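File shown here: input37.pdb, holding PDB, C-alpha atoms.
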ATOM      1  CA  MET A   1     -66.494 -74.627   8.785
ATOM      2  CA  ASP A   2     -65.839 -73.285  12.300
ATOM      3  CA  ALA A   3     -64.783 -69.715  13.050
ATOM      4  CA  LEU A   4     -61.105 -70.637  13.280
ATOM      5  CA  THR A   5     -61.306 -72.148   9.798
ATOM      6  CA  GLY A   6     -63.392 -69.166   8.729
ATOM      7  CA  LEU A   7     -60.541 -66.861   9.642
ATOM      8  CA  LEU A   8     -58.588 -68.322   6.734
ATOM      9  CA  ASP A   9     -61.374 -69.330   4.361
ATOM     10  CA  GLY A  10     -62.118 -66.672   1.779
ATOM     11  CA  PRO A  11     -59.871 -63.840   3.004
ATOM     12  CA  ARG A  12     -57.087 -66.271   3.846
ATOM     13  CA  ALA A  13     -53.460 -65.935   2.830
ATOM     14  CA  ARG A  14     -53.340 -65.432  -0.923
ATOM     15  CA  GLY A  15     -50.119 -63.737  -1.948
ATOM     16  CA  ALA A  16     -49.808 -62.589   1.654
ATOM     17  CA  PHE A  17     -46.838 -60.472   2.609
ATOM     18  CA  LEU A  18     -44.165 -62.863   3.864
ATOM     19  CA  LEU A  19     -40.638 -61.627   4.493
ATOM     20  CA  ARG A  20     -37.323 -62.656   6.033
ATOM     21  CA  SER A  21     -35.614 -59.736   7.780
ATOM     22  CA  VAL A  22     -31.861 -59.819   8.480
ATOM     23  CA  LEU A  23     -30.760 -57.035  10.797
ATOM     24  CA  GLU A  24     -27.704 -55.913  12.706
ATOM     25  CA  PRO A  25     -28.215 -53.805  15.870
ATOM     26  CA  PRO A  26     -29.001 -51.098  16.466
ATOM     27  CA  TRP A  27     -32.263 -51.370  14.531
ATOM     28  CA  SER A  28     -35.864 -50.302  15.064
ATOM     29  CA  LEU A  29     -38.878 -50.719  12.774
ATOM     30  CA  ARG A  30     -41.994 -48.619  13.170
ATOM     31  CA  ILE A  31     -44.952 -50.711  11.887
ATOM     32  CA  GLN A  32     -47.960 -48.678  10.822
ATOM     33  CA  ASP A  33     -49.226 -50.764   7.901
ATOM     34  CA  GLN A  34     -52.732 -51.079   9.445
ATOM     35  CA  ALA A  35     -52.723 -54.846   8.849
ATOM     36  CA  PRO A  36     -55.401 -56.620  10.909
ATOM     37  CA  LEU A  37     -53.097 -59.507  11.779
ATOM     38  CA  THR A  38     -49.331 -60.081  11.724
ATOM     39  CA  VAL A  39     -47.259 -63.106  12.738
ATOM     40  CA  VAL A  40     -43.562 -62.732  13.639
ATOM     41  CA  VAL A  41     -41.158 -65.631  14.205
ATOM     42  CA  MET A  42     -37.825 -65.089  15.978
ATOM     43  CA  VAL A  43     -35.256 -67.176  14.077
ATOM     44  CA  ARG A  44     -31.993 -65.724  15.388
ATOM     45  CA  GLY A  45     -31.044 -63.128  17.955
ATOM     46  CA  ALA A  46     -33.633 -61.308  20.061
ATOM     47  CA  ALA A  47     -36.085 -58.441  19.726
ATOM     48  CA  VAL A  48     -38.671 -56.494  21.621
ATOM     49  CA  VAL A  49     -42.209 -55.598  20.514
ATOM     50  CA  LEU A  50     -43.379 -52.203  21.767
ATOM     51  CA  PRO A  51     -47.092 -51.436  21.361
ATOM     52  CA  ASP A  52     -48.074 -47.787  21.589
ATOM     53  CA  THR A  53     -50.177 -48.741  24.599
ATOM     54  CA  GLY A  54     -49.536 -51.583  26.987
ATOM     55  CA  GLU A  55     -46.404 -53.399  28.062
ATOM     56  CA  HIS A  56     -43.621 -54.313  25.682
ATOM     57  CA  ARG A  57     -42.730 -57.987  25.181
ATOM     58  CA  SER A  58     -39.382 -59.556  24.424
ATOM     59  CA  LEU A  59     -38.957 -62.141  21.660
ATOM     60  CA  GLN A  60     -36.399 -64.927  21.960
ATOM     61  CA  VAL A  61     -35.300 -67.555  19.441
ATOM     62  CA  GLY A  62     -38.135 -69.922  18.552
ATOM     63  CA  GLU A  63     -40.873 -67.675  19.919
ATOM     64  CA  VAL A  64     -43.852 -66.545  17.870
ATOM     65  CA  ALA A  65     -45.669 -63.224  18.261
ATOM     66  CA  VAL A  66     -49.143 -62.491  16.919
ATOM     67  CA  MET A  67     -50.129 -58.827  16.638
ATOM     68  CA  ARG A  68     -53.755 -57.790  16.148
ATOM     69  CA  GLY A  69     -54.029 -54.517  14.235
ATOM     70  CA  PRO A  70     -54.645 -52.007  13.003
ATOM     71  CA  ASP A  71     -52.895 -49.988  15.744
ATOM     72  CA  PRO A  72     -49.198 -49.207  15.106
ATOM     73  CA  TYR A  73     -46.326 -50.673  17.086
ATOM     74  CA  THR A  74     -42.525 -50.856  17.015
ATOM     75  CA  VAL A  75     -40.184 -53.850  16.773
ATOM     76  CA  ALA A  76     -36.575 -53.165  17.793
ATOM     77  CA  ASP A  77     -33.388 -54.655  19.145
ATOM     78  CA  ASP A  78     -33.784 -52.582  22.303
ATOM     79  CA  PRO A  79     -36.569 -50.364  23.727
ATOM     80  CA  ALA A  80     -34.152 -47.405  23.703
ATOM     81  CA  THR A  81     -33.432 -47.614  19.959
ATOM     82  CA  ALA A  82     -35.285 -44.890  18.064
ATOM     83  CA  PRO A  83     -37.224 -45.954  14.937
ATOM     84  CA  GLN A  84     -35.132 -45.863  11.762
ATOM     85  CA  VAL A  85     -37.576 -47.470   9.322
ATOM     86  CA  VAL A  86     -41.327 -47.017   8.872
ATOM     87  CA  ILE A  87     -43.541 -49.713   7.291
ATOM     88  CA  HIS A  88     -46.621 -48.157   5.686
ATOM     89  CA  PRO A  89     -49.819 -49.710   4.238
ATOM     90  CA  GLY A  90     -49.045 -51.880   1.251
ATOM     91  CA  GLN A  91     -45.723 -52.713   2.942
ATOM     92  CA  ARG A  92     -44.147 -49.528   1.605
ATOM     93  CA  CYS A  93     -40.871 -48.956   3.440
ATOM     94  CA  THR A  94     -39.372 -45.532   4.152
ATOM     95  CA  THR A  95     -37.088 -43.702   6.513
ATOM     96  CA  VAL A  96     -38.734 -41.720   9.292
ATOM     97  CA  HIS A  97     -38.441 -38.729   6.945
ATOM     98  CA  GLY A  98     -40.365 -40.451   4.148
ATOM     99  CA  GLU A  99     -37.482 -41.456   1.868
ATOM    100  CA  SER A 100     -37.976 -44.815   0.118
ATOM    101  CA  LEU A 101     -35.916 -47.778   1.318
ATOM    102  CA  SER A 102     -37.379 -50.487  -0.911
ATOM    103  CA  GLN A 103     -34.182 -50.839  -2.952
ATOM    104  CA  ALA A 104     -31.614 -49.906  -0.324
ATOM    105  CA  MET A 105     -32.627 -52.747   2.029
ATOM    106  CA  ASP A 106     -33.296 -55.466  -0.569
ATOM    107  CA  LEU A 107     -31.154 -58.513   0.255
ATOM    108  CA  GLY A 108     -32.560 -61.028  -2.236
ATOM    109  CA  VAL A 109     -35.547 -63.366  -2.525
ATOM    110  CA  ARG A 110     -38.097 -62.288   0.106
ATOM    111  CA  THR A 111     -35.209 -61.060   2.227
ATOM    112  CA  TRP A 112     -34.751 -57.541   3.525
ATOM    113  CA  GLY A 113     -32.599 -55.780   6.090
ATOM    114  CA  ASN A 114     -29.645 -53.583   6.930
ATOM    115  CA  HIS A 115     -26.899 -56.251   6.788
ATOM    116  CA  PRO A 116     -26.653 -59.512   4.779
ATOM    117  CA  ASP A 117     -25.049 -61.304   7.750
ATOM    118  CA  GLY A 118     -26.982 -59.600  10.527
ATOM    119  CA  SER A 119     -27.141 -61.250  13.943
ATOM    120  CA  THR A 120     -30.947 -60.935  14.044
ATOM    121  CA  VAL A 121     -33.316 -62.832  11.733
ATOM    122  CA  LEU A 122     -37.110 -62.457  11.786
ATOM    123  CA  LEU A 123     -39.785 -64.068   9.664
ATOM    124  CA  THR A 124     -42.876 -61.886   9.252
ATOM    125  CA  GLY A 125     -46.236 -62.833   7.753
ATOM    126  CA  THR A 126     -48.970 -60.228   7.315
ATOM    127  CA  TYR A 127     -52.644 -60.883   6.582
ATOM    128  CA  GLN A 128     -54.973 -58.328   5.052
ATOM    129  CA  LEU A 129     -58.146 -59.821   6.542
ATOM    130  CA  ASP A 130     -61.364 -57.911   6.168
ATOM    131  CA  GLY A 131     -64.082 -60.472   6.749
ATOM    132  CA  GLU A 132     -66.885 -60.826   9.265
ATOM    133  CA  ILE A 133     -65.858 -64.345  10.288
ATOM    134  CA  GLY A 134     -62.286 -63.220  10.736
ATOM    135  CA  ARG A 135     -63.477 -60.284  12.807
ATOM    136  CA  ARG A 136     -65.305 -62.606  15.217
ATOM    137  CA  LEU A 137     -62.098 -64.475  15.905
ATOM    138  CA  LEU A 138     -59.802 -61.457  15.921
ATOM    139  CA  ALA A 139     -61.996 -59.870  18.571
ATOM    140  CA  ALA A 140     -61.099 -62.777  20.855
ATOM    141  CA  LEU A 141     -57.347 -62.104  20.586
ATOM    142  CA  PRO A 142     -55.312 -59.686  22.689
ATOM    143  CA  PRO A 143     -53.477 -56.908  20.801
ATOM    144  CA  LEU A 144     -50.219 -58.828  21.304
ATOM    145  CA  LEU A 145     -49.590 -62.421  22.266
ATOM    146  CA  VAL A 146     -46.253 -64.228  22.463
ATOM    147  CA  LEU A 147     -45.938 -68.005  22.354
ATOM    148  CA  PRO A 148     -42.777 -69.590  23.743
ATOM    149  CA  GLU A 149     -40.853 -72.158  21.733
ATOM    150  CA  HIS A 150     -43.194 -75.113  21.351
ATOM    151  CA  GLY A 151     -42.687 -78.636  20.044
ATOM    152  CA  ARG A 152     -45.677 -78.424  17.683
ATOM    153  CA  LEU A 153     -44.378 -75.237  16.084
ATOM    154  CA  ALA A 154     -40.678 -76.056  15.764
ATOM    155  CA  PRO A 155     -40.794 -78.314  12.631
ATOM    156  CA  LEU A 156     -43.101 -75.839  10.898
ATOM    157  CA  LEU A 157     -40.838 -72.890  11.674
ATOM    158  CA  ARG A 158     -37.874 -74.711  10.196
ATOM    159  CA  LEU A 159     -39.844 -75.527   7.058
ATOM    160  CA  ILE A 160     -40.965 -71.916   6.590
ATOM    161  CA  GLY A 161     -37.396 -70.741   7.080
ATOM    162  CA  ASP A 162     -36.231 -73.096   4.327
ATOM    163  CA  GLU A 163     -39.031 -72.258   1.887
ATOM    164  CA  ILE A 164     -39.096 -68.467   2.234
ATOM    165  CA  VAL A 165     -35.802 -67.995   0.385
ATOM    166  CA  LYS A 166     -36.704 -70.249  -2.553
ATOM    167  CA  ASP A 167     -37.807 -68.831  -5.881
ATOM    168  CA  GLU A 168     -39.520 -71.733  -7.628
ATOM    169  CA  PRO A 169     -42.824 -72.153  -9.513
ATOM    170  CA  GLY A 170     -45.769 -72.159  -7.122
ATOM    171  CA  GLN A 171     -43.677 -70.847  -4.250
ATOM    172  CA  GLU A 172     -46.168 -68.166  -3.199
ATOM    173  CA  ALA A 173     -48.921 -70.764  -2.881
ATOM    174  CA  ILE A 174     -46.670 -72.954  -0.732
ATOM    175  CA  LEU A 175     -45.772 -70.042   1.518
ATOM    176  CA  ASP A 176     -49.403 -68.958   1.816
ATOM    177  CA  ARG A 177     -50.422 -72.402   3.042
ATOM    178  CA  LEU A 178     -47.465 -72.617   5.419
ATOM    179  CA  LEU A 179     -48.399 -69.236   6.854
ATOM    180  CA  ASP A 180     -51.992 -70.417   7.314
ATOM    181  CA  LEU A 181     -50.759 -73.544   9.061
ATOM    182  CA  LEU A 182     -48.472 -71.518  11.311
ATOM    183  CA  LEU A 183     -51.277 -69.171  12.309
ATOM    184  CA  VAL A 184     -53.814 -71.908  13.019
ATOM    185  CA  THR A 185     -51.256 -73.891  15.055
ATOM    186  CA  ALA A 186     -50.285 -70.768  16.990
ATOM    187  CA  LEU A 187     -53.897 -69.877  17.751
ATOM    188  CA  ARG A 188     -54.736 -73.414  18.831
ATOM    189  CA  THR A 189     -51.726 -73.336  21.130
ATOM    190  CA  TRP A 190     -52.759 -69.949  22.495
ATOM    191  CA  PHE A 191     -56.409 -70.852  23.102
ATOM    192  CA  ALA A 192     -55.315 -73.969  25.003
ATOM    193  CA  ARG A 193     -53.540 -71.781  27.556
ATOM    194  CA  ALA A 194     -55.430 -70.810  30.703
ATOM    195  CA  GLU A 195     -54.698 -67.096  30.342
ATOM    196  CA  ALA A 196     -56.000 -66.972  26.764
ATOM    197  CA  ASP A 197     -59.665 -66.523  27.755
ATOM    198  CA  ALA A 198     -60.719 -68.363  24.577
ATOM    199  CA  PRO A 199     -64.128 -67.438  23.159
ATOM    200  CA  ALA A 200     -67.047 -69.439  24.534
ATOM    201  CA  TRP A 201     -67.759 -71.196  21.246
ATOM    202  CA  TYR A 202     -64.149 -72.428  21.118
ATOM    203  CA  ARG A 203     -64.250 -73.841  24.648
ATOM    204  CA  ALA A 204     -67.646 -75.412  23.937
ATOM    205  CA  TYR A 205     -66.157 -77.434  21.091
ATOM    206  CA  THR A 206     -64.807 -79.923  23.646
ATOM    207  CA  ASP A 207     -68.285 -80.648  25.045
ATOM    208  CA  PRO A 208     -69.681 -83.911  23.590
ATOM    209  CA  VAL A 209     -73.141 -82.444  23.027
ATOM    210  CA  VAL A 210     -72.638 -78.740  22.349
ATOM    211  CA  GLY A 211     -69.439 -79.348  20.407
ATOM    212  CA  ARG A 212     -71.304 -81.680  18.058
ATOM    213  CA  ALA A 213     -74.125 -79.161  17.668
ATOM    214  CA  LEU A 214     -71.644 -76.385  16.850
ATOM    215  CA  ARG A 215     -69.944 -78.540  14.232
ATOM    216  CA  MET A 216     -73.251 -79.197  12.516
ATOM    217  CA  LEU A 217     -74.203 -75.518  12.519
ATOM    218  CA  HIS A 218     -70.785 -74.433  11.285
ATOM    219  CA  HIS A 219     -70.440 -77.036   8.557
ATOM    220  CA  ASN A 220     -74.001 -76.887   7.236
ATOM    221  CA  PRO A 221     -75.502 -73.445   7.927
ATOM    222  CA  ALA A 222     -77.884 -73.742   4.944
ATOM    223  CA  HIS A 223     -79.757 -76.645   6.550
ATOM    224  CA  GLY A 224     -83.160 -75.797   7.977
ATOM    225  CA  TRP A 225     -82.111 -76.282  11.557
ATOM    226  CA  THR A 226     -84.543 -76.086  14.444
ATOM    227  CA  VAL A 227     -83.872 -76.736  18.106
ATOM    228  CA  ALA A 228     -85.793 -79.991  17.718
ATOM    229  CA  SER A 229     -83.744 -81.242  14.748
ATOM    230  CA  LEU A 230     -80.487 -80.190  16.369
ATOM    231  CA  ALA A 231     -81.456 -81.925  19.614
ATOM    232  CA  ALA A 232     -82.386 -85.102  17.750
ATOM    233  CA  ALA A 233     -79.054 -85.076  15.913
ATOM    234  CA  THR A 234     -77.139 -84.719  19.174
ATOM    235  CA  GLY A 235     -79.231 -87.271  21.070
ATOM    236  CA  VAL A 236     -80.623 -85.019  23.801
ATOM    237  CA  SER A 237     -83.895 -83.286  24.552
ATOM    238  CA  ARG A 238     -84.717 -79.848  23.204
ATOM    239  CA  ALA A 239     -84.737 -78.367  26.689
ATOM    240  CA  GLY A 240     -81.474 -80.084  27.559
ATOM    241  CA  LEU A 241     -79.733 -78.860  24.416
ATOM    242  CA  SER A 242     -81.012 -75.290  24.778
ATOM    243  CA  ARG A 243     -79.966 -75.114  28.411
ATOM    244  CA  ARG A 244     -76.509 -76.596  27.871
ATOM    245  CA  PHE A 245     -75.822 -74.647  24.658
ATOM    246  CA  THR A 246     -76.794 -71.342  26.254
ATOM    247  CA  GLU A 247     -74.734 -72.095  29.346
ATOM    248  CA  LEU A 248     -71.560 -72.909  27.395
ATOM    249  CA  VAL A 249     -71.823 -70.623  24.351
ATOM    250  CA  GLY A 250     -73.579 -67.673  25.952
ATOM    251  CA  GLU A 251     -76.634 -67.585  23.690
ATOM    252  CA  PRO A 252     -79.363 -69.997  22.507
ATOM    253  CA  PRO A 253     -78.701 -72.258  19.508
ATOM    254  CA  MET A 254     -80.917 -70.418  17.028
ATOM    255  CA  THR A 255     -79.569 -67.019  18.057
ATOM    256  CA  TYR A 256     -76.042 -68.311  17.513
ATOM    257  CA  LEU A 257     -77.032 -69.778  14.136
ATOM    258  CA  THR A 258     -78.492 -66.455  13.001
ATOM    259  CA  GLY A 259     -75.285 -64.619  13.884
ATOM    260  CA  TRP A 260     -73.191 -67.251  12.134
ATOM    261  CA  ARG A 261     -75.330 -67.152   8.989
ATOM    262  CA  LEU A 262     -75.181 -63.368   8.805
ATOM    263  CA  ALA A 263     -71.408 -63.353   9.341
ATOM    264  CA  LEU A 264     -71.078 -65.815   6.466
ATOM    265  CA  ALA A 265     -73.434 -63.700   4.362
ATOM    266  CA  ALA A 266     -71.360 -60.579   5.012
ATOM    267  CA  ASP A 267     -68.229 -62.354   3.788
ATOM    268  CA  LEU A 268     -69.966 -63.799   0.726
ATOM    269  CA  LEU A 269     -71.409 -60.416  -0.227
ATOM    270  CA  ARG A 270     -67.860 -59.126  -0.672
ATOM    271  CA  GLU A 271     -67.285 -61.542  -3.532
ATOM    272  CA  PRO A 272     -67.756 -59.704  -6.841
ATOM    273  CA  ASP A 273     -69.874 -62.371  -8.553
ATOM    274  CA  SER A 274     -72.243 -63.049  -5.668
ATOM    275  CA  THR A 275     -75.907 -62.044  -5.625
ATOM    276  CA  VAL A 276     -78.224 -61.634  -2.665
ATOM    277  CA  ALA A 277     -80.195 -64.639  -3.945
ATOM    278  CA  SER A 278     -77.129 -66.884  -4.171
ATOM    279  CA  VAL A 279     -75.892 -65.784  -0.760
ATOM    280  CA  ALA A 280     -79.347 -66.414   0.752
ATOM    281  CA  ARG A 281     -79.287 -69.996  -0.523
ATOM    282  CA  GLN A 282     -75.781 -70.618   0.815
ATOM    283  CA  VAL A 283     -76.545 -69.432   4.337
ATOM    284  CA  GLY A 284     -79.990 -70.946   4.798
ATOM    285  CA  TYR A 285     -82.476 -68.195   3.991
ATOM    286  CA  GLY A 286     -85.418 -69.159   1.804
ATOM    287  CA  SER A 287     -85.434 -65.974  -0.263
ATOM    288  CA  PRO A 288     -83.422 -62.805  -0.908
ATOM    289  CA  PHE A 289     -86.130 -60.879   0.931
ATOM    290  CA  ALA A 290     -85.734 -63.044   4.061
ATOM    291  CA  LEU A 291     -81.971 -62.522   4.070
ATOM    292  CA  SER A 292     -82.332 -58.789   3.430
ATOM    293  CA  THR A 293     -84.778 -58.422   6.312
ATOM    294  CA  ALA A 294     -82.545 -60.306   8.759
ATOM    295  CA  PHE A 295     -79.392 -58.578   7.544
ATOM    296  CA  LYS A 296     -80.863 -55.090   7.860
ATOM    297  CA  ARG A 297     -82.286 -55.855  11.301
ATOM    298  CA  GLU A 298     -78.849 -57.026  12.490
ATOM    299  CA  ARG A 299     -76.542 -54.653  10.576
ATOM    300  CA  GLY A 300     -78.699 -51.602  10.069
ATOM    301  CA  VAL A 301     -78.127 -51.635   6.293
ATOM    302  CA  SER A 302     -79.359 -53.774   3.427
ATOM    303  CA  PRO A 303     -77.073 -56.370   1.810
ATOM    304  CA  HIS A 304     -76.789 -54.084  -1.226
ATOM    305  CA  GLN A 305     -75.736 -51.112   0.900
ATOM    306  CA  TYR A 306     -73.287 -53.300   2.808
ATOM    307  CA  ARG A 307     -71.689 -54.502  -0.420
ATOM    308  CA  ILE A 308     -71.210 -50.914  -1.621
ATOM    309  CA  GLY A 309     -69.650 -49.896   1.677
ATOM    310  CA  ALA A 310     -67.350 -52.927   1.710
ATOM    311  CA  SER A 311     -66.122 -52.247  -1.811
ATOM    312  CA  ARG A 312     -65.284 -48.646  -0.881
ATOM    313  CA  GLY A 313     -63.501 -49.730   2.294
TER     314      GLY A 313
END

How does this structure look as structure tokens?
Amino acid sequence: MDALTGLLDGPRARGAFLLRSVLEPPWSLRIQDQAPLTVVVMVRGAAVVLPDTGEHRSLQVGEVAVMRGPDPYTVADDPATAPQVVIHPGQRCTTVHGESLSQAMDLGVRTWGNHPDGSTVLLTGTYQLDGEIGRRLLAALPPLLVLPEHGRLAPLLRLIGDEIVKDEPGQEAILDRLLDLLLVTALRTWFARAEADAPAWYRAYTDPVVGRALRMLHHNPAHGWTVASLAAATGVSRAGLSRRFTELVGEPPMTYLTGWRLALAADLLREPDSTVASVARQVGYGSPFALSTAFKRERGVSPHQYRIGASRG
């Protein structure tokens, strides 16, 4: 499992908020739901995304925007349109004065807006990610990125548009997976762009030696890896692997593996039925004590204290 997969494994879309918005100008939505990640697809009409800091970006038909939270922002038909609706945590919708709009703007199955035949249509998917692996990837994203209409995305966008208005058994599961697919495709497309400044581990995946080493570490973190065993598996010398890995990834192989194992451990510790012993086995530590020592050295708290803090957060 690589970090891009890790973004959606565990705290992936499960009953994620997915909505079709139909709007007639003038309209303006103030988004302060504190969601770590939101995806917006422009289906019809045009819009503008206005972060509280930084430049605003226009959205045209077929374009996809990815917003990294939790900072608030506004989506409107025009930068001059004052906010009329506020989206709060839990997707609670009110006027700017706090009056509920959940019933007033209900237009049917997963559809919401101010006019049933509005000239603007948006599809919005919101993740409530709170995992360590997800955080590693989210840190590599800008607060707002906009992808132009792209051949790889177009068939998927049409499929999501068709499925979002259906109300059939298993529909939420279908939409969750489609949202995951949309996000992964969008991020792959973004990281392939020169201006994306993709994280070092992502760029290193294309290297025949380091990419193979990363895949082995990601997919089997519980294995008792050493530089020697990793070098043998990739067909190079220990010195050659260490030098090339450090050059491309930014840190030595075993340092990277430790960070990856502890990120996995942090995610696993959030699961209610996990124990420190079971997590230690899954991430390659020989005993609960060994995991606890490494975790506290890296995080400043014990796994038990981390679990308590995560459950409160």

Exercise. What lies within 12 Å of region 190-194 of chain A using only C-alpha atoms, ignoring chain neighbours under 2 positions off, as a PyMOL selection string?
Worked result: chain A and resi 4+64-66+137+140-142+144-148+150+153+183-188+196-203+205-206

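When CA of Leu179 (chain A) is paired with CA of Ser102 (chain A), their separation reads 23.1 Å.
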
For this session: Check what the PyMOL selection byres ((chain A and resi 220-229) around 6) selects in the file above and give those residues as a PyMOL selection string.
Result: chain A and resi 216-219+230-232+238+282-284

Please identify every residue of region 22-97 of chain A that has at least one atom no farther than 6 Å from an atom of region 108-129 of chain A, counting all atoms listed in the file, and for each give the shortest atom pair and the distance in Å to one decimal, arranged by chain then increasing number, as CSV.
residue,atom,partner,partner_atom,distance
A:Val22,CA,A:Val121,CA,4.7
A:Leu23,CA,A:Gly118,CA,4.6
A:Glu24,CA,A:Gly118,CA,4.3
A:Ala35,CA,A:Gln128,CA,5.6
A:Leu37,CA,A:Tyr127,CA,5.4
A:Thr38,CA,A:Thr126,CA,4.4
A:Val39,CA,A:Gly125,CA,5.1
A:Val40,CA,A:Thr124,CA,4.5
A:Val41,CA,A:Leu123,CA,5.0
A:Met42,CA,A:Leu122,CA,5.0
A:Val43,CA,A:Val121,CA,5.3
A:Arg44,CA,A:Val121,CA,4.8
A:Gly45,CA,A:Thr120,CA,4.5

Next, dump the selected residues to file, keeping only C-alpha atoms, as a PDB file, in the frame of the given file.
ATOM      1  CA  VAL A  22     -31.861 -59.819   8.480  1.00  0.00           C
ATOM      2  CA  LEU A  23     -30.760 -57.035  10.797  1.00  0.00           C
ATOM      3  CA  GLU A  24     -27.704 -55.913  12.706  1.00  0.00           C
ATOM      4  CA  ALA A  35     -52.723 -54.846   8.849  1.00  0.00           C
ATOM      5  CA  LEU A  37     -53.097 -59.507  11.779  1.00  0.00           C
ATOM      6  CA  THR A  38     -49.331 -60.081  11.724  1.00  0.00           C
ATOM      7  CA  VAL A  39     -47.259 -63.106  12.738  1.00  0.00           C
ATOM      8  CA  VAL A  40     -43.562 -62.732  13.639  1.00  0.00           C
ATOM      9  CA  VAL A  41     -41.158 -65.631  14.205  1.00  0.00           C
ATOM     10  CA  MET A  42     -37.825 -65.089  15.978  1.00  0.00           C
ATOM     11  CA  VAL A  43     -35.256 -67.176  14.077  1.00  0.00           C
ATOM     12  CA  ARG A  44     -31.993 -65.724  15.388  1.00  0.00           C
ATOM     13  CA  GLY A  45     -31.044 -63.128  17.955  1.00  0.00           C
TER      14      GLY A  45
END

Problem set entry | Output of the PyMOL selection byres ((chain A and resi 95) around 10), listed as an MDAnalysis selection string | chainID A and resid 29:30 83:87 93:94 96:101

Export of the given selection (C-alpha atoms) as a PDB file, in the coordinates of the input:
ATOM      1  CA  LEU A  29     -38.878 -50.719  12.774  1.00  0.00           C
ATOM      2  CA  ARG A  30     -41.994 -48.619  13.170  1.00  0.00           C
ATOM      3  CA  PRO A  83     -37.224 -45.954  14.937  1.00  0.00           C
ATOM      4  CA  GLN A  84     -35.132 -45.863  11.762  1.00  0.00           C
ATOM      5  CA  VAL A  85     -37.576 -47.470   9.322  1.00  0.00           C
ATOM      6  CA  VAL A  86     -41.327 -47.017   8.872  1.00  0.00           C
ATOM      7  CA  ILE A  87     -43.541 -49.713   7.291  1.00  0.00           C
ATOM      8  CA  CYS A  93     -40.871 -48.956   3.440  1.00  0.00           C
ATOM      9  CA  THR A  94     -39.372 -45.532   4.152  1.00  0.00           C
ATOM     10  CA  VAL A  96     -38.734 -41.720   9.292  1.00  0.00           C
ATOM     11  CA  HIS A  97     -38.441 -38.729   6.945  1.00  0.00           C
ATOM     12  CA  GLY A  98     -40.365 -40.451   4.148  1.00  0.00           C
ATOM     13  CA  GLU A  99     -37.482 -41.456   1.868  1.00  0.00           C
ATOM     14  CA  SER A 100     -37.976 -44.815   0.118  1.00  0.00           C
ATOM     15  CA  LEU A 101     -35.916 -47.778   1.318  1.00  0.00           C
TER      16      LEU A 101
END

Please write the residues picked by the PyMOL selection byres ((chain A and resi 287-304) around 10) on this file as a CSV table (one decimal) with C-alpha atoms, keeping the file's coordinate frame.
chain,number,residue,atom,x,y,z
A,258,THR,CA,-78.5,-66.5,13.0
A,259,GLY,CA,-75.3,-64.6,13.9
A,261,ARG,CA,-75.3,-67.2,9.0
A,262,LEU,CA,-75.2,-63.4,8.8
A,263,ALA,CA,-71.4,-63.4,9.3
A,265,ALA,CA,-73.4,-63.7,4.4
A,266,ALA,CA,-71.4,-60.6,5.0
A,269,LEU,CA,-71.4,-60.4,-0.2
A,270,ARG,CA,-67.9,-59.1,-0.7
A,275,THR,CA,-75.9,-62.0,-5.6
A,276,VAL,CA,-78.2,-61.6,-2.7
A,277,ALA,CA,-80.2,-64.6,-3.9
A,278,SER,CA,-77.1,-66.9,-4.2
A,279,VAL,CA,-75.9,-65.8,-0.8
A,280,ALA,CA,-79.3,-66.4,0.8
A,281,ARG,CA,-79.3,-70.0,-0.5
A,283,VAL,CA,-76.5,-69.4,4.3
A,284,GLY,CA,-80.0,-70.9,4.8
A,285,TYR,CA,-82.5,-68.2,4.0
A,286,GLY,CA,-85.4,-69.2,1.8
A,305,GLN,CA,-75.7,-51.1,0.9
A,306,TYR,CA,-73.3,-53.3,2.8
A,307,ARG,CA,-71.7,-54.5,-0.4
A,308,ILE,CA,-71.2,-50.9,-1.6
A,309,GLY,CA,-69.6,-49.9,1.7
A,310,ALA,CA,-67.4,-52.9,1.7

Because the input lacks atoms here, generate N, CA and C atoms for region 169-176 of chain A and report them as a CSV table (one decimal), in the coordinates of the input.
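Saved to rebuild_26.csv:
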chain,number,residue,atom,x,y,z
A,169,PRO,N,-41.4,-72.2,-9.1
A,169,PRO,CA,-42.8,-72.2,-9.5
A,169,PRO,C,-43.7,-72.6,-8.4
A,170,GLY,N,-44.8,-71.8,-8.2
A,170,GLY,CA,-45.8,-72.2,-7.1
A,170,GLY,C,-45.3,-71.8,-5.7
A,171,GLN,N,-44.2,-71.1,-5.6
A,171,GLN,CA,-43.7,-70.8,-4.2
A,171,GLN,C,-44.6,-70.0,-3.4
A,172,GLU,N,-45.3,-69.0,-4.0
A,172,GLU,CA,-46.2,-68.2,-3.2
A,172,GLU,C,-47.3,-69.0,-2.6
A,173,ALA,N,-47.8,-69.9,-3.4
A,173,ALA,CA,-48.9,-70.8,-2.9
A,173,ALA,C,-48.4,-71.6,-1.7
A,174,ILE,N,-47.2,-72.2,-1.8
A,174,ILE,CA,-46.7,-73.0,-0.7
A,174,ILE,C,-46.5,-72.1,0.5
A,175,LEU,N,-46.0,-70.9,0.4
A,175,LEU,CA,-45.8,-70.0,1.5
A,175,LEU,C,-47.1,-69.6,2.1
A,176,ASP,N,-48.1,-69.3,1.3
A,176,ASP,CA,-49.4,-69.0,1.8
A,176,ASP,C,-50.0,-70.1,2.7
